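Structure first, then comments.
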Amino acid sequence: MNDINAADRIEHALRLAILRGVHPPGSRIPAVRALAAAHGVNAATIQRALARLEATGLVVARPGRGTIVQDPARHGDLTLLPAWLEALTDADAAAAVLGDFLKLRRTIFARLLAEHCGPVSDATDELQTLARAAFDTNAPLHAIQAADFALAHALFAATGDRVARAILVTTERLLHASPDVAEAMYAEPAANLDAMTRIFGLLASGADDRATEAGVEGILARLDAETLRRFSDGRRGR
């Protein structure tokens, strides 16, 4: 195994250990020399792994004190979401974390679509064509997933909101890193297509922003509830 892959492997192992509480907040990560000996690599490889962990906010280097573990809940960001789901072995706990993220996502997306329903409605024909491709029940999962994100990027490009698109990218990375989440989300393509069709109908209805936002959020909430049910069932069945 080359040093680059070794650094990835060691970073991954340390990240899981931190998220699972093996190295609690305030504790010190073993010294570079000790980690190098334990993993059979050189010090430079350990330093690369620790630098990556520090970039995520999980640890911080303190002169004279070594590498100190920080509280993931206080210093971690959304890039840690796949790692959180991997680290949590309890199905209910993992589902709660995923549920929090899905709630954040749908709340932001519903508000954004309601505020920009005019520009989005102007592109409805194009978006509906993308939606039919995204939820083709005969397509394999990876094709459905790719088409869904093509639809989502086109949808949010119409709004011009960069923050929402950043959350979309976070979701995309989560699904690539967590196949069980992807399987739960796309298990019923016909239901997803029906939901998107109803959302497009709301956006084109001319309803006020508050009614549109509540309607979109309600549609997405039902989809998310089914995703969480399938995700939890899958975790329990491991």
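Residue numbering restarts at 1 in every chain; chains get A, B, ... in the order shown in the structure tokens, and ligands count up from 1 in that same order.
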
Practice task
Would you mind listing what lies within 7 Å of Leu50 in chain A as a list in words, with only C-alpha atoms counted and same-chain residues fewer than 4 positions away left out?
Solution key: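 Residues meeting the cut-off are Glu11, Ile46 and Glu54 of chain A.
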
I need the residues from that last selection saved to file as an mmCIF file, in the first residue's frame (with C-alpha atoms), if you can.
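Contents of again.cif, freshly written:
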```cif
data_model
loop_
_atom_site.group_PDB
_atom_site.id
_atom_site.type_symbol
_atom_site.label_atom_id
_atom_site.label_comp_id
_atom_site.auth_asym_id
_atom_site.auth_seq_id
_atom_site.Cartn_x
_atom_site.Cartn_y
_atom_site.Cartn_z
ATOM 1 C CA GLU A 11 -7.354 9.175 8.687
ATOM 2 C CA ILE A 46 0.811 10.079 9.947
ATOM 3 C CA GLU A 54 -7.448 18.992 11.460
#
```

Exercise for the section: Determine which residues of range 44-131 of chain A DSSP labels as alpha helix (DSSP H) from the backbone of this structure, then write them out as a VMD selection string. Expected result: chain A and resid 44 to 56 72 to 75 81 to 87 91 to 115 117 to 122 124 to 131

Can I get the selection written as a tab-separated table (two decimals), in the first residue's frame, with C-alpha atoms?
```tsv
chain	number	residue	atom	x	y	z
A	44	ALA	CA	5.18	11.85	7.22
A	45	THR	CA	2.20	9.60	6.43
A	46	ILE	CA	0.81	10.08	9.95
A	47	GLN	CA	1.30	13.82	9.69
A	48	ARG	CA	-0.68	13.88	6.43
A	49	ALA	CA	-3.51	11.94	8.06
A	50	LEU	CA	-3.56	14.28	11.06
A	51	ALA	CA	-3.49	17.36	8.83
A	52	ARG	CA	-6.59	16.10	7.03
A	53	LEU	CA	-8.34	15.48	10.34
A	54	GLU	CA	-7.45	18.99	11.46
A	55	ALA	CA	-8.96	20.40	8.26
A	56	THR	CA	-12.29	18.81	9.21
A	72	PRO	CA	-17.36	16.96	16.65
A	73	ALA	CA	-20.76	18.47	17.45
A	74	ARG	CA	-19.13	21.86	18.04
A	75	HIS	CA	-16.43	21.91	15.36
A	81	LEU	CA	-22.25	13.65	7.59
A	82	PRO	CA	-21.20	10.42	5.78
A	83	ALA	CA	-18.68	9.72	8.54
A	84	TRP	CA	-21.31	10.27	11.23
A	85	LEU	CA	-23.64	7.78	9.58
A	86	GLU	CA	-20.83	5.24	9.26
A	87	ALA	CA	-19.73	5.74	12.85
A	91	ALA	CA	-30.01	2.29	13.61
A	92	ASP	CA	-32.21	4.80	15.44
A	93	ALA	CA	-29.30	7.13	16.18
A	94	ALA	CA	-28.15	7.02	12.56
A	95	ALA	CA	-31.70	7.66	11.34
A	96	ALA	CA	-31.99	10.65	13.68
A	97	VAL	CA	-28.85	12.23	12.19
A	98	LEU	CA	-30.04	11.59	8.64
A	99	GLY	CA	-33.48	12.91	9.57
A	100	ASP	CA	-32.01	16.16	10.88
A	101	PHE	CA	-30.16	16.68	7.61
A	102	LEU	CA	-33.19	15.88	5.46
A	103	LYS	CA	-35.30	18.31	7.51
A	104	LEU	CA	-32.73	21.07	7.00
A	105	ARG	CA	-32.56	20.30	3.28
A	106	ARG	CA	-36.31	20.32	2.66
A	107	THR	CA	-36.90	23.44	4.78
A	108	ILE	CA	-34.33	25.42	2.80
A	109	PHE	CA	-35.40	24.01	-0.54
A	110	ALA	CA	-39.11	24.65	0.10
A	111	ARG	CA	-38.47	28.27	1.07
A	112	LEU	CA	-36.19	28.81	-1.91
A	113	LEU	CA	-38.59	27.31	-4.46
A	114	ALA	CA	-41.49	29.34	-3.06
A	115	GLU	CA	-39.50	32.57	-3.33
A	117	CYS	CA	-41.47	30.01	-8.23
A	118	GLY	CA	-41.71	32.39	-11.21
A	119	PRO	CA	-38.28	31.62	-12.73
A	120	VAL	CA	-38.68	27.93	-11.89
A	121	SER	CA	-42.15	27.80	-13.47
A	122	ASP	CA	-40.74	29.31	-16.67
A	124	THR	CA	-41.21	23.70	-15.97
A	125	ASP	CA	-41.38	21.86	-19.32
A	126	GLU	CA	-37.62	21.30	-19.35
A	127	LEU	CA	-37.61	20.30	-15.68
A	128	GLN	CA	-40.44	17.81	-16.11
A	129	THR	CA	-38.54	16.16	-18.96
A	130	LEU	CA	-35.52	15.86	-16.65
A	131	ALA	CA	-37.76	14.51	-13.88
```

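Considering only C-alpha atoms, the residue among A:Met196, A:Ile167, A:Ala211, A:Leu141 positioned nearest to Ala184 in chain A is A:Leu141.
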
Problem - Residues within 12 Å of Gly40 in chain A, only C-alpha atoms, excluding chain neighbours under 2 positions, as a PyMOL selection string - result: chain A and resi 1-3+6-7+10+32-38+42-46

Practice task
Using CA of Gly21 in chain A and CA of Asp77 in chain A as the two end points, give the distance in Å to one decimal.
Solution key: 17.4 Å

Exercise for the section: Mind giving me the straight-line distance from CA of Arg238 in chain A to CA of Thr79 in chain A in Å, one decimal? Expected result: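 According to the coordinates, CA of Arg238 in chain A and CA of Thr79 in chain A are separated by 24.9 Å.
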
Practice task
Select, from A:Leu80, A:Pro63, A:Ala147, A:Arg28, the residue with the minimum atom-to-atom distance to His12 in chain A, counting only C-alpha atoms.
Solution key: A:Leu80

Practice task
Point out the residue among A:Leu155, A:Gly237, A:His23, A:Pro140 with the least atom-to-atom distance to Phe200 in chain A, counting only C-alpha atoms.
Solution key: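 Looking only at the distances to Phe200 in chain A, the closest residue turns out to be A:Leu155.
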
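Shortest atom-to-atom contact with Ala143 in chain A among A:Ala182, A:Leu16, A:Ala190, A:Ile199: A:Ala182, counting only C-alpha atoms.
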
Practice task
Can you work out which one of A:Val41, A:Ala150, A:Leu228, A:Ala134 has the shortest atom-to-atom distance to Arg9 in chain A, counting only C-alpha atoms?
Solution key: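 Counting only C-alpha atoms, the residue closest to Arg9 in chain A is A:Val41.
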
Handout entry: Between CA of Thr137 in chain A and CA of Ser205 in chain A, distance in Å (one decimal)
Key =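 Between these atoms lies a distance of 27.6 Å.
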
Handout entry: Of the listed residues A:Ile18, A:Leu193, A:Ile29, A:Leu151, that which approaches Leu220 in chain A most closely, counting only C-alpha atoms
Key =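 For Leu220 in chain A, the nearest of the given residues is A:Leu193.
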
Exercise for the section: Show which residues sit within 7 Å of Val69 in chain A, as a VMD selection string. Count only C-alpha atoms, and ignore same-chain residues fewer than 3 positions away. Expected result: chain A and resid 23 to 29 58 to 60

Problem - Test item, strand (DSSP E or B) assignment across chain A, answer as a ChimeraX atom specification - result: /A:28,59-62,66-69
